[in-house]
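Asks: Dropping a structure here in structure tokens format, bear with me for questions.
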Amino acid sequence: MKSWRAQVLVCAGAGCVSSGCAGVYNAIVEKIKEHGLSEEVRVIETGCLGSCNMGPLALVNPEGILYMKLTPADAGDIVLQHLVQGQPVERLMYKDPATGKAIAKMEDIDFFKLQQKIVLRNCGLIDPKNIDDYLERDGYKALEKVLLNMSPEEVIETLINSGLRGRGGAGFPTGLKWKFTHQAAKTPKYVVCNADEGDPGAFMDRSVIEGDPHSVLEAMAIAGYTIGANQGYVYIRAEYPLAIERLTWAIDQARERNYLGKNIFGSGFDFDINIKIGAGAFVCGEETALLASIEGKRGEPRPRPPFPAVEGLFGCPTLINNVETYANIPAIILNGADWFARFGTEKSKGTKVFALAGSIENTGLVEVPMGTPLYDLVYKIGGGLKKDKKFKAAQTGGPSGGCIPEKYINIPVDYESLAQIGAIVGSGGLIITDEDTCIVDFARFFMEFTQNESCGKCPPCRIGTKRILEILIRITQGRGKEEDLDRLRELCYNIKDTALCGLGQTAPNPVLTTLKYFEDEYLEHIRDKRCRANVCKRLTKKAGVKISN
Ligand SMILES: Cc1cc2nc3c(=O)[nH]c(=O)nc-3n(C[C@H](O)[C@H](O)[C@H](O)COP(=O)(O)O)c2cc1C
Ligand code: SF4
Ligand code: FES
């Protein structure tokens, strides 16, 4: 491959696209031409670098200098001052909030310094539309290793020993799932990638596909070989057009180079992948609803067992994993199970990608070892609360997850620790709220979401979530009664116990955790007709004011 004196990597993830990165990219390309540098400086568009609120961004390698909040007008300085004269442009660098000093290198900025990138190893560093960039960073070497040197049983053993657990929410051990699907007798078998990603505020999977689509395709081919499947499907929502475009591109390129298709690496193994576009219903992320949707049926869950590993797509054994789960796998195969198991905690191995959102300074995409204290995510990586507001709660796992109050700010973020306090790691949505958030309204927001997204197949979810929502709305309007809190709890536990699928079973979590940790705020709404965050418009911020119904 051609070697370049410098590379300018312009982030073209969806976040930066919406903040105008195309204009920045075009302007830099123009300036490079003007200065006659086209043969020595390469300019590429990459996937998300992570710090989306600082976009549009450009990283200049080999120095690793990050420029942020760029406009097309900044292209001249980057090219003339940095690339021609060798003087990095200080005014476009990140400024340390404490000292105001410019920090030139990406690796020295706190947001990036504390991260450990396995899943996002290539995101922001390669051109996702160019397979050669992926190949240069060991792309498809794991597939080659597996096809030429490993038996399916050895792949399964490696995954089991690595401790990798599904990143789609439930945390089921990935190696075991592969083993069950491998052992299923019926053929044909299928490999499915769940890229539905319906949680409000979550964009981990979209970013992986936009930034490094081949890592997912490579893992799916490894899965096909391991379980004995020749066909894979990526199920992705129509709201992700950029990800769909890059995935389509990647599949075409992988076919051209024979990393997909017949007799891959001369091994005799055939595997191909197709894209199935979903209409964006949250319930279609649930695996049985997803499979029904691929089959062209209404996207409704069905009871399990039988699990998809035994009876999945078109009634055949099917392996379903999440995008992030797959993106870990080539790295595990190449570096070994022990390497992966070094990251994380005893039972939660590896890293987790989070979409940091809400009232914090640095929002975006971060990847940290499992077990990282919540404090580090909020204050060290997230830069703390905006406008020095007071931390109120962190919501992990979106509408299926729980609300973590300030007393647990140091909790290690891993499957076991969060489960102990009623929250979940979930798929990676992490919303930070401050004192201006009304916790009852917050619970109402999530319940409204799940209520809208309920497929209606089973009464506990269809009717129960509606009743919960009605009570929450009543409380936010100052019409709540104290006995409503017991009614809420009873409804929540009933729905958890009796709903058919995970949507209903987890929908009560935001209500239950806010009731557990913020009951006083519910009571203020009911007894004092007070909303301390001043969000509920029919109530007042001060106590003791009565309103008429
Ligand atoms: C309502 C609902 C929505 C879900 N949405 C997703 C999703 O968008 N992406 C995903 O990977 N898993 C989602 N899941 C979990 C999947 O059903 C399934 O467990 C997962 O895809 C398995 O992959 P993993 O083992 O790699 O996590 C959802 C589950 C439920 C109940
Ligand atoms: S729990 Fe809700 S989403 Fe799931 S099957 Fe029942 S009605 Fe549908
Ligand atoms: S989209 Fe550019 S940093 Fe996230």
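Going by the structure tokens order, chains are called A, B, ..., each with residues numbered from 1, while ligands are numbered from 1 in the order shown.
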List all protein, DNA and RNA residues that have an atom no more than 7 Å from any atom of ligand 3, counting only C-alpha atoms and all ligand atoms, and report them as a ChimeraX atom specification.
Replies: /A:11-17,47-52,54-57,364-365
Asks: Show which residues sit within 9 Å of A:Phe112, as a list of chain:residue names. Count only C-alpha atoms, and ignore same-chain residues fewer than 4 positions away.
Replies: A:Gly50, A:Ser51, A:Met106, A:Glu107, A:Asp108, A:Gln116, A:Val366, A:Ile381
Asks: As a quick test: using only C-alpha atoms and all ligand atoms, which residues lie no more than 6 Å away from ligand 1? Give them as a ChimeraX atom specification.
Replies: /A:166-172,194-198,282-283,285-287,320-322,325,501-503
Asks: Include N, CA, C and O atoms and write out the residues we just selected as an mmCIF file, in the first residue's frame.
Replies:
data_model
loop_
_atom_site.group_PDB
_atom_site.id
_atom_site.type_symbol
_atom_site.label_atom_id
_atom_site.label_comp_id
_atom_site.auth_asym_id
_atom_site.auth_seq_id
_atom_site.Cartn_x
_atom_site.Cartn_y
_atom_site.Cartn_z
ATOM 1 N N GLY A 166 -23.144 -11.571 25.738
ATOM 2 C CA GLY A 166 -23.879 -10.803 24.731
ATOM 3 C C GLY A 166 -24.076 -9.355 25.138
ATOM 4 O O GLY A 166 -24.498 -9.065 26.252
ATOM 5 N N ARG A 167 -23.774 -8.462 24.212
ATOM 6 C CA ARG A 167 -23.849 -7.029 24.518
ATOM 7 C C ARG A 167 -25.193 -6.421 24.158
ATOM 8 O O ARG A 167 -25.400 -5.221 24.304
ATOM 9 N N GLY A 168 -26.137 -7.255 23.669
ATOM 10 C CA GLY A 168 -27.448 -6.729 23.270
ATOM 11 C C GLY A 168 -28.347 -6.417 24.454
ATOM 12 O O GLY A 168 -29.410 -5.847 24.289
ATOM 13 N N GLY A 169 -27.946 -6.815 25.648
ATOM 14 C CA GLY A 169 -28.746 -6.476 26.826
ATOM 15 C C GLY A 169 -28.772 -7.561 27.881
ATOM 16 O O GLY A 169 -28.598 -7.299 29.063
ATOM 17 N N ALA A 170 -28.968 -8.809 27.462
ATOM 18 C CA ALA A 170 -29.179 -9.860 28.452
ATOM 19 C C ALA A 170 -27.872 -10.430 29.019
ATOM 20 O O ALA A 170 -27.866 -11.043 30.086
ATOM 21 N N GLY A 171 -26.769 -10.265 28.306
ATOM 22 C CA GLY A 171 -25.480 -10.726 28.826
ATOM 23 C C GLY A 171 -25.316 -12.228 28.834
ATOM 24 O O GLY A 171 -24.563 -12.789 29.643
ATOM 25 N N PHE A 172 -25.974 -12.928 27.926
ATOM 26 C CA PHE A 172 -25.852 -14.391 27.866
ATOM 27 C C PHE A 172 -24.467 -14.771 27.327
ATOM 28 O O PHE A 172 -23.973 -14.153 26.373
ATOM 29 N N ASN A 194 -28.114 -8.705 15.122
ATOM 30 C CA ASN A 194 -29.168 -7.806 15.591
ATOM 31 C C ASN A 194 -28.645 -6.376 15.632
ATOM 32 O O ASN A 194 -27.873 -6.005 16.514
ATOM 33 N N ALA A 195 -29.024 -5.601 14.616
ATOM 34 C CA ALA A 195 -28.608 -4.189 14.565
ATOM 35 C C ALA A 195 -29.841 -3.302 14.620
ATOM 36 O O ALA A 195 -29.895 -2.256 13.986
ATOM 37 N N ASP A 196 -30.823 -3.752 15.402
ATOM 38 C CA ASP A 196 -32.080 -2.995 15.449
ATOM 39 C C ASP A 196 -31.930 -1.729 16.298
ATOM 40 O O ASP A 196 -32.444 -0.678 15.934
ATOM 41 N N GLU A 197 -31.259 -1.858 17.408
ATOM 42 C CA GLU A 197 -30.900 -0.729 18.298
ATOM 43 C C GLU A 197 -32.022 0.307 18.452
ATOM 44 O O GLU A 197 -31.932 1.428 17.933
ATOM 45 N N GLY A 198 -33.033 -0.096 19.216
ATOM 46 C CA GLY A 198 -34.186 0.790 19.362
ATOM 47 C C GLY A 198 -34.199 1.659 20.604
ATOM 48 O O GLY A 198 -35.068 2.524 20.746
ATOM 49 N N PHE A 282 -39.387 -0.938 18.226
ATOM 50 C CA PHE A 282 -38.500 -1.366 19.317
ATOM 51 C C PHE A 282 -38.619 -2.868 19.565
ATOM 52 O O PHE A 282 -37.621 -3.560 19.781
ATOM 53 N N VAL A 283 -39.834 -3.384 19.470
ATOM 54 C CA VAL A 283 -40.049 -4.796 19.781
ATOM 55 C C VAL A 283 -39.331 -5.707 18.780
ATOM 56 O O VAL A 283 -39.007 -6.854 19.092
ATOM 57 N N GLY A 285 -36.380 -5.630 18.018
ATOM 58 C CA GLY A 285 -35.050 -5.979 18.535
ATOM 59 C C GLY A 285 -35.096 -7.258 19.354
ATOM 60 O O GLY A 285 -34.080 -7.919 19.568
ATOM 61 N N GLU A 286 -36.287 -7.609 19.847
ATOM 62 C CA GLU A 286 -36.455 -8.865 20.592
ATOM 63 C C GLU A 286 -36.272 -9.995 19.582
ATOM 64 O O GLU A 286 -36.846 -9.962 18.492
ATOM 65 N N GLU A 287 -35.491 -11.004 19.974
ATOM 66 C CA GLU A 287 -34.987 -11.911 18.940
ATOM 67 C C GLU A 287 -36.064 -12.684 18.179
ATOM 68 O O GLU A 287 -35.953 -12.879 16.965
ATOM 69 N N ILE A 320 -28.189 -15.741 16.995
ATOM 70 C CA ILE A 320 -28.422 -14.289 16.939
ATOM 71 C C ILE A 320 -27.507 -13.620 17.932
ATOM 72 O O ILE A 320 -27.516 -13.956 19.129
ATOM 73 N N ASN A 321 -26.703 -12.708 17.443
ATOM 74 C CA ASN A 321 -25.888 -11.885 18.345
ATOM 75 C C ASN A 321 -26.014 -10.418 17.957
ATOM 76 O O ASN A 321 -26.377 -10.070 16.833
ATOM 77 N N ASN A 322 -25.639 -9.617 18.908
ATOM 78 C CA ASN A 322 -25.676 -8.167 18.747
ATOM 79 C C ASN A 322 -24.421 -7.683 17.989
ATOM 80 O O ASN A 322 -23.394 -8.369 17.969
ATOM 81 N N THR A 325 -21.316 -7.453 20.179
ATOM 82 C CA THR A 325 -20.830 -8.799 20.518
ATOM 83 C C THR A 325 -19.949 -9.303 19.375
ATOM 84 O O THR A 325 -18.817 -9.767 19.596
ATOM 85 N N CYS A 501 -42.703 -11.190 26.698
ATOM 86 C CA CYS A 501 -41.323 -10.993 26.240
ATOM 87 C C CYS A 501 -40.603 -9.945 27.083
ATOM 88 O O CYS A 501 -41.183 -9.313 27.965
ATOM 89 N N GLY A 502 -39.339 -9.776 26.757
ATOM 90 C CA GLY A 502 -38.485 -8.870 27.526
ATOM 91 C C GLY A 502 -38.965 -7.435 27.534
ATOM 92 O O GLY A 502 -38.689 -6.698 28.481
ATOM 93 N N LEU A 503 -39.702 -7.025 26.511
ATOM 94 C CA LEU A 503 -40.160 -5.632 26.496
ATOM 95 C C LEU A 503 -41.057 -5.378 27.708
ATOM 96 O O LEU A 503 -40.837 -4.455 28.484
#
Asks: From a DSSP pass on the backbone, collect the residues of stretch 393-449 of chain A flagged as strand (DSSP E) and hand them back as a ChimeraX atom specification.
Replies: /A:393-396,402-405,412-413,429-434
Asks: Could you report the residues within 12 Å of ligand 2, using only C-alpha atoms and all ligand atoms, as a VMD selection string?
Replies: chain A and resid 281 to 290 298 to 304 400 449 to 466 494 to 508
Asks: What's the separation between atom CA of A:Asp484 and atom CA of A:Asp441, in Å to one decimal place?
Replies: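 Straight-line distance from atom CA of A:Asp484 to atom CA of A:Asp441 works out to 15.3 Å.
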Asks: Distance table requested - stretch 70-142 of chain A against stretch 146-165 of chain A, cut-off 10 Å, only C-alpha atoms: one row per qualifying residue with the closest atom pair and its distance in Å to one decimal, ordered by chain and rising residue number, as a Markdown table.
Replies:
| residue | atom | partner | partner_atom | distance |
| --- | --- | --- | --- | --- |
| A:Tyr140 | CA | A:Val146 | CA | 9.9 |
| A:Lys141 | CA | A:Val146 | CA | 8.6 |
| A:Ala142 | CA | A:Val146 | CA | 6.1 |
Asks: Let me see the file: selected residues, N, CA, C and O atoms, as a PDB file, in the first residue's frame.
Replies:
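For reference, again04.pdb as written:
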ATOM      1  N   TYR A 140      -9.758  -9.566   8.486  1.00  0.00           N
ATOM      2  CA  TYR A 140      -9.997 -10.902   7.925  1.00  0.00           C
ATOM      3  C   TYR A 140      -8.896 -11.918   8.257  1.00  0.00           C
ATOM      4  O   TYR A 140      -8.924 -13.033   7.760  1.00  0.00           O
ATOM      5  N   LYS A 141      -7.941 -11.514   9.117  1.00  0.00           N
ATOM      6  CA  LYS A 141      -6.927 -12.499   9.541  1.00  0.00           C
ATOM      7  C   LYS A 141      -7.517 -13.508  10.519  1.00  0.00           C
ATOM      8  O   LYS A 141      -7.096 -14.661  10.568  1.00  0.00           O
ATOM      9  N   ALA A 142      -8.483 -13.052  11.315  1.00  0.00           N
ATOM     10  CA  ALA A 142      -9.116 -13.980  12.261  1.00  0.00           C
ATOM     11  C   ALA A 142      -9.919 -15.029  11.486  1.00  0.00           C
ATOM     12  O   ALA A 142      -9.903 -16.219  11.833  1.00  0.00           O
TER      13      ALA A 142
END
Asks: One number please: atom CA of A:Ile421 to atom CA of A:Lys349, in Å, one decimal.
Replies: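 Value for the atom CA of A:Ile421-atom CA of A:Lys349 distance: 19.8 Å.
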Asks: Can you tell me which residues surround A:Ile332 at a distance of at most 10 Å, considering only C-alpha atoms, apart from same-chain residues fewer than 2 positions away, and format the answer as an NGL selection string?
Replies: :A and (118 or 142 or 155 or 158-159 or 162 or 164 or 327-330 or 334-341 or 350)
Asks: Which residues are near stretch 68-75 of chain A? Cut-off 9 Å, only C-alpha atoms, ignore same chain within fewer than 4 positions. Put them as number ranges by chain.
Replies: A: 19-32, 53-59, 79-80, 92-94
Asks: Please write the residues from the selection above to a file, keeping N, CA, C and O atoms, as a short mmCIF file (atom, residue, chain, number, x, y, z; two decimals), in the first residue's frame.
Replies:
data_model
loop_
_atom_site.label_atom_id
_atom_site.label_comp_id
_atom_site.auth_asym_id
_atom_site.auth_seq_id
_atom_site.Cartn_x
_atom_site.Cartn_y
_atom_site.Cartn_z
N SER A 19 -23.46 17.76 11.97
CA SER A 19 -22.89 19.07 12.33
C SER A 19 -22.03 19.63 11.19
O SER A 19 -21.29 20.60 11.38
N GLY A 20 -22.10 19.03 10.02
CA GLY A 20 -21.51 19.67 8.83
C GLY A 20 -20.12 19.22 8.44
O GLY A 20 -19.36 19.98 7.84
N CYS A 21 -19.78 17.95 8.69
CA CYS A 21 -18.42 17.50 8.39
C CYS A 21 -18.13 17.44 6.88
O CYS A 21 -16.97 17.54 6.46
N ALA A 22 -19.17 17.30 6.07
CA ALA A 22 -18.92 17.17 4.62
C ALA A 22 -18.26 18.43 4.09
O ALA A 22 -17.31 18.36 3.29
N GLY A 23 -18.73 19.59 4.56
CA GLY A 23 -18.13 20.86 4.12
C GLY A 23 -16.68 20.96 4.56
O GLY A 23 -15.81 21.44 3.81
N VAL A 24 -16.39 20.47 5.76
CA VAL A 24 -15.02 20.52 6.28
C VAL A 24 -14.12 19.61 5.43
O VAL A 24 -13.02 19.99 5.02
N TYR A 25 -14.62 18.39 5.17
CA TYR A 25 -13.85 17.43 4.37
C TYR A 25 -13.53 18.02 2.99
O TYR A 25 -12.38 18.02 2.55
N ASN A 26 -14.58 18.55 2.33
CA ASN A 26 -14.37 19.10 0.98
C ASN A 26 -13.37 20.25 1.00
O ASN A 26 -12.52 20.36 0.11
N ALA A 27 -13.47 21.09 2.02
CA ALA A 27 -12.57 22.25 2.09
C ALA A 27 -11.13 21.80 2.30
O ALA A 27 -10.19 22.35 1.70
N ILE A 28 -10.93 20.76 3.13
CA ILE A 28 -9.56 20.28 3.36
C ILE A 28 -9.00 19.67 2.08
O ILE A 28 -7.85 19.93 1.68
N VAL A 29 -9.83 18.88 1.38
CA VAL A 29 -9.38 18.27 0.12
C VAL A 29 -8.98 19.38 -0.88
O VAL A 29 -7.93 19.29 -1.53
N GLU A 30 -9.79 20.42 -0.95
CA GLU A 30 -9.49 21.54 -1.87
C GLU A 30 -8.14 22.18 -1.53
O GLU A 30 -7.30 22.42 -2.41
N LYS A 31 -7.96 22.45 -0.24
CA LYS A 31 -6.72 23.13 0.20
C LYS A 31 -5.49 22.25 -0.05
O LYS A 31 -4.42 22.72 -0.41
N ILE A 32 -5.67 20.95 0.15
CA ILE A 32 -4.57 20.01 -0.09
C ILE A 32 -4.17 20.09 -1.57
O ILE A 32 -2.98 20.13 -1.92
N ASN A 53 -19.95 15.55 20.61
CA ASN A 53 -20.33 16.95 20.88
C ASN A 53 -19.23 17.94 20.50
O ASN A 53 -19.41 19.14 20.54
N MET A 54 -18.04 17.42 20.15
CA MET A 54 -16.95 18.31 19.74
C MET A 54 -16.86 18.41 18.22
O MET A 54 -15.95 19.02 17.68
N GLY A 55 -17.76 17.74 17.51
CA GLY A 55 -17.66 17.68 16.06
C GLY A 55 -18.04 18.97 15.38
O GLY A 55 -18.62 19.85 16.00
N PRO A 56 -17.72 19.09 14.09
CA PRO A 56 -16.92 18.18 13.28
C PRO A 56 -15.45 18.13 13.74
O PRO A 56 -14.90 19.14 14.16
N LEU A 57 -14.91 16.93 13.62
CA LEU A 57 -13.56 16.68 14.13
C LEU A 57 -12.63 16.22 13.00
O LEU A 57 -13.08 15.58 12.06
N ALA A 58 -11.35 16.49 13.17
CA ALA A 58 -10.36 15.90 12.26
C ALA A 58 -9.13 15.50 13.07
O ALA A 58 -8.68 16.25 13.95
N LEU A 59 -8.64 14.31 12.80
CA LEU A 59 -7.43 13.81 13.47
C LEU A 59 -6.31 13.80 12.44
O LEU A 59 -6.49 13.24 11.35
N VAL A 79 -4.16 23.06 6.71
CA VAL A 79 -3.27 22.64 5.63
C VAL A 79 -2.00 23.48 5.61
O VAL A 79 -0.88 22.94 5.63
N LEU A 80 -2.16 24.81 5.62
CA LEU A 80 -0.95 25.65 5.50
C LEU A 80 -0.08 25.57 6.75
O LEU A 80 1.11 25.24 6.69
N LEU A 92 -7.54 25.45 17.30
CA LEU A 92 -8.55 24.44 16.96
C LEU A 92 -8.47 23.19 17.85
O LEU A 92 -9.19 22.22 17.65
N MET A 93 -7.56 23.27 18.85
CA MET A 93 -7.37 22.09 19.70
C MET A 93 -8.34 22.11 20.88
O MET A 93 -8.87 23.16 21.23
N TYR A 94 -8.47 20.96 21.51
CA TYR A 94 -9.28 20.84 22.73
C TYR A 94 -8.62 21.66 23.84
O TYR A 94 -7.40 21.67 23.96
#
